[in-house]
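Below is one structure, written out as structure tokens; the observations come after it.
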Amino acid sequence: MVQAFKLFSTTGDQTIEVPATGSVLIGRAATSDVPIYDPTISRRHAEVSLGADSVTIRDLGSSNGTFLNGSKVTEAQAVDGDVIAFGKVAFHVRNVTPAIARPAVEREPAPFGAAPPSATIVRRVETPDEGIAEKISARLSGQAQSKGDGESAEERESRKLSLLLDVSKELSRHQDVDRLLDKIVDITFQVMNVDRVSVLMVEPESNELIPRCYRNRLGDAVAGGGGTRHVPRSIAQRAVDERLAILTDNAAADERFKGKSIMLQSVRSAMCAPLMGNERKVIGIIYVDNLTATNSFSDEDLEFLIAFSGIAAVAIENGELTEQVRREAVVLSNFQRYFAPNLAHQIASQKEEVQLGGAKRPVVIFFSDIRGFTSMSENMLPDEIAQLLNEYFTEMVEIVFECGGTLDKFMGDAIMALWGAPIAHEDDADRAMQAAIKMQEVLKELNTKWAENGRQQVEIGIGINFGEVFAGNIGSEQRLEYTVIGDAVNVASRLCSKARPGDIMISEPFYKALKTPPEVASLEPIDLRGKAAAVPVYLVKR
């Protein structure tokens, strides 16, 4: 029986049905079989087709890649339960093949003591979602967590491993680092007989230990770890510097630690374990102590704390990585609205903050405008206008990005784009020329599709100029916009307004900047406001 599959977006707002024959084209282009209007999706991103008992995905050279279960792929097979991501848009793969009803089979009851049938019978049992606190309380005595009454060494070892597995599962549920640290402290109190627990993290730049989370046996906690001043510096710093887990039976009499804080805090027994990250780098410490008795902890307790700190370190690093990825995704998504994907990645990876200001530089300025859009829109419903502009802008902006340009802004139905800012290339003029020609070609494809559906068709005029402008971030500290200002911008805008439907009108400076100029026709120079002499212009022949 042929299997049937569907892809369900993780956000729940889109479903892709994989056809029994042929393939489905996925991309940002309005002409795609399944359009996905996301900045991380290319115009022609990937194809999806049905395999024997799986879904075949094939990347079409997209800018941001296609992924299967987190791994980038060019072509791969996905099965039920897998996750496919096109750029940053993820889908769950689900097998939706209808189940075949099977007739019930009457069986004689087996006699008592008879051998079980060869078939496996699976019985589904609903189990309560028991929290780690209940599991621990069921397994631990009131003594130190590593010891239980009447237990052998093997039994204690088995119990500790089982407990560490539960701890790992519990910590994996949390991704927010602050909540994760709080959970680590909470679990420490559940599994160990201690009076105080603290987590301190190493500040990467200064390499200093910064208090992050603290709680004592009475339940007192301080947000941000402000209560961790009780952690003896002599113990904490040695754990970091020497990458050592430390156990002291009687801190006040321990010759290794002669700090005033130990005496002032009345520390009796204490343990401290470093949180070891990647490449054996210490990212923090877990510190526990007992204020009432000496010899409160055993070697087994220290071994358990070391194992626990290893699990906690992995969870913390994963949480920090998740936060970093989420933050970079937001920044990258914002930049991708204006810049080509590769340029957006480059800008987003810069550590310096984006600031006000800019500089003068030679730039290609590009304008395109839908001819007669105002009168056209008077006879269209608002939803129809929005749909037309969304599909049109998606195609045109993708072309700008593919040709290495920067989207400056939308102005009604007009597009303003740049080449040469914020990053310049030797062939910026040729890239802009290529984009203009491709826009006119793709618009013909769009018009054919719209005509088949009985929808409004459009024509555009394009104007391109090259000159020195001020390029930089304009606005306020709250909202910045990267743009260009100068006379060359005004000339490009006027050229666009003079262009007829289907025309690409270019200035003489732009024509001279082209390394591979197309065939052009010289037009009568045009008079522009603010210009003492008429401006030579050319019409691109196609």
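All residue names refer to the structure tokens as shown: chains lettered A, B, ... in order, residues numbered from 1 in each chain, ligands numbered from 1 in order.
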For this session: Name all residues at most 10 Å from segment 55-69 of chain A (count only C-alpha atoms; drop same-chain ones fewer than 4 positions away) and give them as a ChimeraX atom specification.
Result: /A:3-7,18,23-27,39-51,73-95,340-342,345,401-402
For this session: Based on DSSP run over this structure's backbone, return all residues of segment 378-526 of chain A in strand (DSSP E or B), as an NGL selection string.
Result: :A and (406-411 or 414-419 or 460-475 or 480-485 or 504-507 or 520-522 or 526)
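Closest approach to Leu407 of chain A among A:Tyr392, A:Tyr482, A:Tyr511, A:Phe466 is made by A:Tyr482 (distances from only C-alpha atoms).
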For this session: Find the spatial neighbours of segment 304-306 of chain A, counting only C-alpha atoms, within a cut-off of 12 Å - ignore same-chain residues fewer than 6 positions away - and output them as a ChimeraX atom specification.
Result: /A:144-147,156-157,159-164,167,184,187-189,191-194,197,239,243-247,270-276,285-288,297-298,312-313
For this session: Determine, counting only C-alpha atoms, which protein, DNA and RNA residues have an atom within 8 Å of an atom of Asp428 of chain A; residues of the same chain fewer than 6 positions away are not included. Present the result as a list in words.
Result: Val364, Trp419 and Gly420 of chain A
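Our summary of the geometry notes that atom CA of Pro382 of chain A is positioned 23.4 Å from atom CA of Gln14 of chain A.
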Exercise. DSSP says helix (DSSP H, G or I) for which residues of segment 372-475 of chain A? Put them as JSON, numbers by chain?
Worked result: {"A": [373, 374, 375, 376, 377, 382, 383, 384, 385, 386, 387, 388, 389, 390, 391, 392, 393, 394, 395, 396, 397, 398, 399, 400, 401, 402, 428, 429, 430, 431, 432, 433, 434, 435, 436, 437, 438, 439, 440, 441, 442, 443, 444, 445, 446, 447, 448, 449, 450, 451, 452]}
Determine, counting only C-alpha atoms, which protein, DNA and RNA residues have an atom within 8 Å of an atom of segment 494-503 of chain A; residues of the same chain fewer than 2 positions away are not included. Present the result as a PDB file with C-alpha atoms, in the first residue's frame.
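And here is the file that came out, out17.pdb:
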ATOM      1  CA  PHE A 367      13.710  52.760  -8.200  1.00  0.00           C
ATOM      2  CA  SER A 368      10.813  50.746  -9.612  1.00  0.00           C
ATOM      3  CA  ASP A 369       7.165  51.766  -9.681  1.00  0.00           C
ATOM      4  CA  ARG A 371       2.447  52.265 -13.627  1.00  0.00           C
ATOM      5  CA  GLN A 440      10.802  42.705 -15.950  1.00  0.00           C
ATOM      6  CA  GLU A 459       3.491  46.930 -15.557  1.00  0.00           C
ATOM      7  CA  ILE A 460       6.469  48.682 -13.970  1.00  0.00           C
ATOM      8  CA  GLY A 461       8.951  51.367 -14.905  1.00  0.00           C
ATOM      9  CA  ILE A 462      12.515  51.314 -13.585  1.00  0.00           C
ATOM     10  CA  GLY A 463      15.046  54.122 -13.125  1.00  0.00           C
ATOM     11  CA  ILE A 464      18.701  53.617 -12.120  1.00  0.00           C
ATOM     12  CA  ASN A 490      16.552  62.402  -6.656  1.00  0.00           C
ATOM     13  CA  VAL A 491      17.854  61.751 -10.191  1.00  0.00           C
ATOM     14  CA  ALA A 492      17.106  58.021  -9.921  1.00  0.00           C
ATOM     15  CA  MET A 505      15.817  53.999 -17.923  1.00  0.00           C
ATOM     16  CA  ILE A 506      19.408  54.593 -16.807  1.00  0.00           C
ATOM     17  CA  SER A 507      21.626  57.637 -16.357  1.00  0.00           C
ATOM     18  CA  LEU A 528      15.420  67.825 -13.964  1.00  0.00           C
ATOM     19  CA  LEU A 539      16.814  53.179 -22.559  1.00  0.00           C
ATOM     20  CA  VAL A 540      17.849  49.536 -22.131  1.00  0.00           C
TER      21      VAL A 540
END
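In this structure, atom CA of Ile370 of chain A sits 25.4 Å away from atom CA of Asp33 of chain A.
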